[in-house]
Structure formats: structure tokens, C-alpha cells
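Shown next, in C-alpha cells, is the structure this report addresses.
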Amino acid sequence: MSNVRNLINITDFTVEEINKLIEIADDIVAHHEKYDEICKHKKLATLFFEPSTRTRLSFEAAMLELGGSVLGFSSANSSSAAKGESVSDTIMTVCNYVDIIAMRHPKEGAPIVASKRNTVPIINAGDGGHFHPTQTLTDLLTIKRKKGRLDNMTVGLCGDLKFGRTVHSLIEAMLRYPNIKFVLISPEELQVPEYVKEKMNEVGVEWRETESLEDAMPELDILYMTRIQRERFFNEEDYVRLKDSYILNLEKLETAKKDLTIMHPLPRVNEISVEVDDDPRACYFFQALCGKHIRMALILFLLGIVK
Amino acid sequence: MNIDGVRNGIVLDHIRAGKSMEIYEMLGLDKLSNTVAMIQNASSEKYGKKDIIKIDEVVDLDYDVLGYVDSNITVNIVKDSKLEKKIHMALPEKLVNVVKCKNPRCITSVEQEIVHEFRLVDKERKIYRCCYCDAEHRIK
């Protein structure tokens, strides 16, 4: 294992370090001019073995706004992975060219393999249905900016909680803050995996599962919607049966708190009706903006430019 | 049935009856050039029946494999026909290249050179998790 600092799982960072990232992100917004050229001559590689819009573009936008440069690929087909090159070999090669790497891979644990041979920091930009720590940082920054705190709240997570990696990472992260309660809203087939339940039980946090979004709605401070992801299913029939399980609309929001924060990692398909977009409680596009700010902060932190 | 005692070697005792062949294969004992005796269904006061493996030389054994397959096994190191050391097995904290991850979404399912690693997460229920994808592996 190399000694370089990476972000593979959200728990690689302490609560203090996450707070520091949030602080840097807020400072970037407040004093943008300070950061315009702070990464001049630094290069970020975005190695995306699986397609992505938001994550890749937000990483690239983040580095460009810091004055750095970006190179990389956006699908496995346009890299040597298509020729059968291993993750380790790709990483050892790319480490010669850049200062920091953001990688997404469809196979779970690929960034852990990468982190055994790297000489520059690696950021896990999503590995299959496993972890997505920069989305979690994005979510934490969004919650902090909207609620002013990261503790004392009821968080509802709705949709695909089995394959939804953003959900697993967010639960792990929020377990570390006091007085958080989770309400897990999903069909039986898409409940959170056992290992996530084990972690919640280990910490002793309050949580419950329900199949009804309507029942859960009145008690929620945060509603985190997720997409039923076609690419995580081996069987098209299962996907078709479950994809419309939960659709959030204004009618369902009637019983919600006035200061509810509605989040979604995006892209959405139809799980949030477009009519909800104009509701002041809808925060998912603001969340996408937070994603750029926190990735800027993360790049600065891992490069050791801001400590 | 008589099988000679070991003068200098190893006796794997208290193997759960029927498990000795699995251990023989997992430890790669077929590759040894010394005498190896496998005794199945020997009578045992403690377990009723047990298997025993005797190896006619002190060789390096992977204790993680032994602890994983059967944590009740005792390893007796014999020197000059005397018991020099008795080692009790336990469930290893980490399994390295002992079992393979069965999750088709795990990176280990597509890259053959990766070391398969599992960490023990629940001793009571004998549950391991893949160090790459967190997939569960239970010992039956």
C-alpha cells in the first residue's frame, strides 16, 4: 500500500477533515479570486471506465476553476482497459503524467486495487454499487448549507437502497454525527445491504425500514431520493417491475415539513416529478453546484495546497 | 488399523470428520514428497469421530487455511517422537487467497492477478467480508 493520501471510502476522512473540506468549499465561494490560479501547472486525470455526466464534469470544472488542467477518458472503450489492461497497470502509467486522479469503475473495489500501487492521490469517483465518497461530501455540504448543521435530524432515503452507492456512503458518513435517525424507504427487493445494517447497529443509531413514502414523509428533515438504476440489474424484468416504485410529486409533499430538504444525486428519470422542481424545498440542482465546490476543496486538500 | 507414529513431523488432530480431504487439498499436501497419512473417522472422545492427518516432516503450513476450514483443529509438532508444541487454531482475522469472492460485480471477478482478501467481521456468526467489495462470506 502506498503512503499517498487517497479518498476511497468516506470513512478515510475524519469528521474534522470533512468539516475542514466544508470550510474550504465555503471559502472558495466567498473568496473566489484567491483560488483562480492556485492549481496552475497541476494536472487532474479523470479515468472514467464507466459513463458519467455530473461527476466527471464537476471534477473537470473544479480543476479548471482552480487554474489546473485536465486529461483522461470517459469510457473503458476509449482506454487500454478495452485491450485487457489491468487497473493497476493503468494507474501506474497515469501516475507518471498527472498530480491527482479521479477514477470511476463499474467493478466494486477497483479503487482499492488502484490505491495499492499509486504515487499520486486517487479519488474514488464511484465503484459499481459500492462507494461514492465525493457524492457523499457533496451531500454533506448541501445539508450543511441548507440546514446549518449535520446533526440532530431525521434522514429519509428512498428508492434503490440496495445498489444505490450514494445511499451507502451517506449513511456511513452521517453515522458519525450525533442524533441522526434514518428512515429507509424501499421495496423489499431493494433494501440496504446487510453490511450497512450491521454498521448502523454497531453504532446504535435509530433506523427503520418502510415501503411507504407517504407514511415516512411527515417526520423527515431530509428526503434523499434515488433512481432505480437499470445498469445494476442483471434481469430486465426485475428492473421494469420496480422502476416506478416511488415517484415524488407535490401531492405527496403535502404532509412534509415546511423546511424539508429534498435531495437527489441525479440523474433522475421520473422519480421526482418536474412539478417539484419549483418547490423551494427542492435542492437537487443546488446539490450539483455544491458538488463542484466540494471537489475543488478536495483537490486542494489532497494535493496539500490548502491544509 | 495401524499407522506408524510420527518421529519428526506434524499431526493435525481433531479435524471434523470428513474434512481431511478438503484440508489436504487446500494446504497443497499432495505436492509434498514425504509420507502423508490421512485417517478418516477415527474415534474421538470429544467429538465422537474425527479425521487426522500425519505429515512425516515439519513443513510450513498455512494456519489461516486451517483456522478457516476448522477452528477446532490442533496442530501437534513432533520432534524425536516427542510432542514439542501444540497449537490451537482459531478463525483468522484475515483470509488471503484462501477463498474467492463470489460477487460478480467485484473487481476480483475480472482481474485474475488480484490477491483475494477477506476480513473477519463477526466471529460468533463466522462472517467474513471481501476487502474490495464488502460482499459477505459465511463459513458453513
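We label chains A, B, ... in the order they appear in the C-alpha cells, count residues from 1 in each chain, and number ligands from 1 in the order shown.
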>> I'd like the contact shell of Val96 (chain B) - 9 Å cut-off, only C-alpha atoms, skipping same-chain residues fewer than 4 positions apart - returned as an MDAnalysis selection string.
In response: chainID B and resid 64:65 115:119
>> Quick one: residues within 10 Å of Asp80 (chain B), only C-alpha atoms, excluding same-chain residues fewer than 2 positions away - as a PyMOL selection string?
In response: chain B and resi 6-9+78+82-84
>> Select, as a PyMOL selection string, those residues of chain A with any atom no more than 7 Å from chain B (distances computed using only C-alpha atoms).
In response: chain A and resi 86+107-110+112+130
How would the residues just chosen look if you wrote them out with C-alpha atoms as a short mmCIF file (atom, residue, chain, number, x, y, z; two decimals), in the first residue's frame?
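Result file follows (again-v9.cif):
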```cif
data_model
loop_
_atom_site.label_atom_id
_atom_site.label_comp_id
_atom_site.auth_asym_id
_atom_site.auth_seq_id
_atom_site.Cartn_x
_atom_site.Cartn_y
_atom_site.Cartn_z
CA SER A 86 -5.39 -4.18 -15.52
CA LYS A 107 -16.41 -3.07 -10.64
CA GLU A 108 -16.62 -2.80 -6.87
CA GLY A 109 -13.27 -2.41 -5.12
CA ALA A 110 -11.38 -1.26 -8.24
CA ILE A 112 -8.78 -0.20 -3.64
CA HIS A 130 -20.23 0.13 -3.62
#
```
>> Show me, as a PyMOL selection string, the residues that have an atom within 12 Å of Glu33 (chain A) when counting only C-alpha atoms, minus same-chain residues fewer than 4 positions from it.
In response: chain A and resi 27-29+37-38+65-67
Selected residues, C-alpha atoms, written as a PDB file, in the first residue's frame, please.
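Wrote it out as out11.pdb, contents follow:
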```pdb
ATOM      1  CA  ASP A  27     -14.174  29.950   1.449  1.00  0.00           C
ATOM      2  CA  ILE A  28     -13.919  29.187  -2.293  1.00  0.00           C
ATOM      3  CA  VAL A  29     -17.382  30.689  -2.768  1.00  0.00           C
ATOM      4  CA  GLU A  37      -4.813  30.063 -10.301  1.00  0.00           C
ATOM      5  CA  ILE A  38      -3.965  28.084  -7.210  1.00  0.00           C
ATOM      6  CA  GLU A  65     -11.656  26.746 -11.942  1.00  0.00           C
ATOM      7  CA  LEU A  66      -8.591  26.223  -9.789  1.00  0.00           C
ATOM      8  CA  GLY A  67      -6.384  27.049 -12.769  1.00  0.00           C
TER       9      GLY A  67
END
```
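For Leu47 (chain A), the list of residues within 7 Å, based on only C-alpha atoms and with local chain neighbours fewer than 5 positions off taken out, reads Gly72, Phe73, Ser74, Ala102, Met103 and Arg104 of chain A.
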Keeping N, CA and C atoms, export the residues of the selection given above as a PDB file, in the first residue's frame.
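Okay, this is what ended up in part.pdb:
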```
ATOM      1  N   GLY A  72      -7.833  12.708 -19.611  1.00  0.00           N
ATOM      2  CA  GLY A  72      -8.440  11.445 -19.185  1.00  0.00           C
ATOM      3  C   GLY A  72      -9.299  10.830 -20.259  1.00  0.00           C
ATOM      4  N   PHE A  73     -10.115   9.866 -19.846  1.00  0.00           N
ATOM      5  CA  PHE A  73     -11.043   9.223 -20.779  1.00  0.00           C
ATOM      6  C   PHE A  73     -12.390   9.063 -20.086  1.00  0.00           C
ATOM      7  N   SER A  74     -13.438   8.918 -20.925  1.00  0.00           N
ATOM      8  CA  SER A  74     -14.782   8.904 -20.350  1.00  0.00           C
ATOM      9  C   SER A  74     -15.503   7.571 -20.525  1.00  0.00           C
ATOM     10  N   ALA A 102      -8.917  11.096 -10.486  1.00  0.00           N
ATOM     11  CA  ALA A 102     -10.286  10.752 -10.076  1.00  0.00           C
ATOM     12  C   ALA A 102     -10.703   9.583 -10.954  1.00  0.00           C
ATOM     13  N   MET A 103     -11.080   8.471 -10.358  1.00  0.00           N
ATOM     14  CA  MET A 103     -11.457   7.313 -11.181  1.00  0.00           C
ATOM     15  C   MET A 103     -12.824   6.766 -10.838  1.00  0.00           C
ATOM     16  N   ARG A 104     -13.544   6.393 -11.890  1.00  0.00           N
ATOM     17  CA  ARG A 104     -14.802   5.671 -11.709  1.00  0.00           C
ATOM     18  C   ARG A 104     -14.660   4.341 -12.430  1.00  0.00           C
TER      19      ARG A 104
END
```
Would you pick out the contacts of Ile23 (chain B) at 12 Å or less, using only C-alpha atoms, so that residues sharing its chain but fewer than 3 positions from it are not included, and give the list as a CSV table (one decimal) with C-alpha atoms, in the first residue's frame?
```csv
chain,number,residue,atom,x,y,z
B,12,LEU,CA,-3.2,-32.4,12.5
B,13,ASP,CA,-5.6,-33.6,15.1
B,15,ILE,CA,-10.3,-32.4,12.3
B,16,ARG,CA,-14.0,-32.6,11.9
B,17,ALA,CA,-14.8,-36.0,10.4
B,18,GLY,CA,-15.0,-35.8,6.6
B,19,LYS,CA,-13.0,-32.5,6.3
B,20,SER,CA,-9.5,-34.0,5.9
B,26,MET,CA,-6.2,-26.6,0.4
B,27,LEU,CA,-2.8,-27.0,2.1
B,28,GLY,CA,-1.3,-28.5,-1.1
B,29,LEU,CA,-0.2,-31.6,0.8
B,30,ASP,CA,-0.3,-33.5,-2.5
B,38,MET,CA,-4.9,-39.3,6.2
B,51,ASP,CA,-10.1,-37.1,11.0
B,52,ILE,CA,-6.3,-36.9,11.5
B,53,ILE,CA,-3.5,-36.0,9.1
B,61,LEU,CA,1.6,-24.8,7.0
B,62,ASP,CA,-0.9,-22.1,6.3
B,63,TYR,CA,-2.5,-21.8,9.7
B,64,ASP,CA,-5.1,-19.3,8.2
B,65,VAL,CA,-6.3,-22.1,6.0
B,66,LEU,CA,-6.6,-24.5,8.9
B,67,GLY,CA,-8.3,-22.0,11.1
B,68,TYR,CA,-10.7,-21.1,8.3
B,69,VAL,CA,-11.7,-24.7,7.4
B,70,ASP,CA,-12.0,-25.9,11.0
B,71,SER,CA,-11.0,-23.8,14.0
B,73,ILE,CA,-8.1,-28.4,14.8
B,98,VAL,CA,-8.0,-18.9,0.8
```
>> If we count only C-alpha atoms and set the cut-off at 10 Å, which residues sit around Arg295 (chain A), ignoring sequence neighbours fewer than 3 positions away in its own chain? Please answer as a VMD selection string.
In response: chain A and resid 21 25 55 58 to 63 123 134 to 135 137 to 138 290 to 292 298 to 301
> Between CA of Lys42 (chain A) and CA of Gly68 (chain A), what is the distance, to one decimal in Å?
Replying inline: 5.0 Å
>> If we count only C-alpha atoms and set the cut-off at 9 Å, which residues sit around Leu120 (chain B), ignoring sequence neighbours fewer than 4 positions away in its own chain? Please answer as a list in words.
In response: Leu91, Pro92, Glu93, Lys94, Leu95, Lys126, Ile127, Tyr128 and Arg129 of chain B
Could you please take those selected residues and save C-alpha atoms as a CSV table (one decimal), in the first residue's frame?
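Writing done, so here's part-v4.csv:
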```csv
chain,number,residue,atom,x,y,z
B,91,LEU,CA,-10.6,-18.2,13.0
B,92,PRO,CA,-8.1,-15.9,11.3
B,93,GLU,CA,-8.7,-12.2,11.3
B,94,LYS,CA,-7.8,-12.1,7.6
B,95,LEU,CA,-8.0,-14.6,4.8
B,126,LYS,CA,-18.3,-16.7,11.3
B,127,ILE,CA,-18.8,-13.9,8.8
B,128,TYR,CA,-16.1,-12.5,6.6
B,129,ARG,CA,-16.3,-9.7,4.1
```
> If you measure from CA of Asp278 (chain A) to CA of Val183 (chain A), what distance in Å do you get, rounded to one decimal?
Replying inline: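 About the pair CA of Asp278 (chain A) and CA of Val183 (chain A): they are 25.1 Å apart.
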> Can you list every residue in region 139-300 of chain A that DSSP puts in strand (DSSP E or B), as a ChimeraX atom specification?
Replying inline: /A:153-158,180-185,206-210,222-225,248,261-263,272,282
Selection export as a CSV table (one decimal), in the first residue's frame, atoms kept: N, CA and C atoms:
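Saved file out23.csv follows:
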```csv
chain,number,residue,atom,x,y,z
A,153,MET,N,-31.1,15.2,13.2
A,153,MET,CA,-32.1,15.3,12.1
A,153,MET,C,-32.6,13.9,11.7
A,154,THR,N,-33.7,13.8,11.1
A,154,THR,CA,-34.3,12.5,10.5
A,154,THR,C,-34.1,12.5,9.0
A,155,VAL,N,-33.3,11.5,8.6
A,155,VAL,CA,-33.0,11.5,7.2
A,155,VAL,C,-33.7,10.3,6.5
A,156,GLY,N,-34.5,10.6,5.5
A,156,GLY,CA,-35.2,9.6,4.8
A,156,GLY,C,-34.5,9.3,3.5
A,157,LEU,N,-34.2,8.0,3.2
A,157,LEU,CA,-33.6,7.6,2.0
A,157,LEU,C,-34.5,6.7,1.2
A,158,CYS,N,-34.8,7.1,0.0
A,158,CYS,CA,-35.9,6.5,-0.7
A,158,CYS,C,-35.5,6.0,-2.1
A,180,ILE,N,-28.8,11.3,14.7
A,180,ILE,CA,-29.3,11.1,13.4
A,180,ILE,C,-30.2,9.9,13.4
A,181,LYS,N,-31.4,10.0,12.8
A,181,LYS,CA,-32.3,8.9,12.6
A,181,LYS,C,-32.5,8.6,11.1
A,182,PHE,N,-32.4,7.4,10.7
A,182,PHE,CA,-32.6,7.0,9.3
A,182,PHE,C,-34.0,6.3,9.1
A,183,VAL,N,-34.7,6.8,8.1
A,183,VAL,CA,-35.9,6.0,7.7
A,183,VAL,C,-35.6,5.5,6.2
A,184,LEU,N,-35.5,4.2,6.1
A,184,LEU,CA,-35.1,3.6,4.8
A,184,LEU,C,-36.4,3.2,4.0
A,185,ILE,N,-36.7,3.9,3.0
A,185,ILE,CA,-37.9,3.7,2.2
A,185,ILE,C,-37.6,3.0,0.9
A,206,GLU,N,-30.6,5.0,15.5
A,206,GLU,CA,-32.0,4.7,15.3
A,206,GLU,C,-32.3,4.6,13.8
A,207,TRP,N,-32.9,3.5,13.4
A,207,TRP,CA,-33.3,3.3,12.0
A,207,TRP,C,-34.5,2.4,11.8
A,208,ARG,N,-35.2,2.6,10.8
A,208,ARG,CA,-36.3,1.7,10.5
A,208,ARG,C,-36.5,1.6,9.0
A,209,GLU,N,-37.1,0.5,8.5
A,209,GLU,CA,-37.4,0.3,7.1
A,209,GLU,C,-38.9,0.4,6.9
A,210,THR,N,-39.3,1.0,5.8
A,210,THR,CA,-40.7,1.0,5.4
A,210,THR,C,-40.8,1.0,3.9
A,222,ILE,N,-34.7,15.6,6.0
A,222,ILE,CA,-34.1,15.4,4.7
A,222,ILE,C,-34.8,14.3,3.9
A,223,LEU,N,-35.1,14.5,2.7
A,223,LEU,CA,-35.6,13.3,1.8
A,223,LEU,C,-34.6,13.1,0.7
A,224,TYR,N,-33.9,12.0,0.7
A,224,TYR,CA,-32.9,11.7,-0.3
A,224,TYR,C,-33.5,10.7,-1.3
A,225,MET,N,-33.9,11.2,-2.4
A,225,MET,CA,-34.4,10.3,-3.5
A,225,MET,C,-33.3,9.7,-4.3
A,248,LEU,N,-42.0,11.0,-6.5
A,248,LEU,CA,-42.3,12.1,-5.6
A,248,LEU,C,-43.0,13.2,-6.4
A,261,THR,N,-35.7,19.3,3.2
A,261,THR,CA,-34.7,19.4,2.1
A,261,THR,C,-34.8,18.2,1.2
A,262,ILE,N,-35.1,18.4,-0.1
A,262,ILE,CA,-35.3,17.3,-1.0
A,262,ILE,C,-34.0,17.2,-1.8
A,263,MET,N,-33.4,16.0,-1.7
A,263,MET,CA,-32.1,15.9,-2.4
A,263,MET,C,-32.2,14.7,-3.4
A,272,ILE,N,-38.7,11.9,-9.4
A,272,ILE,CA,-39.2,13.2,-8.9
A,272,ILE,C,-39.9,13.9,-10.1
A,282,ALA,N,-37.0,21.8,-3.0
A,282,ALA,CA,-36.2,21.0,-3.9
A,282,ALA,C,-34.8,21.6,-4.0
```
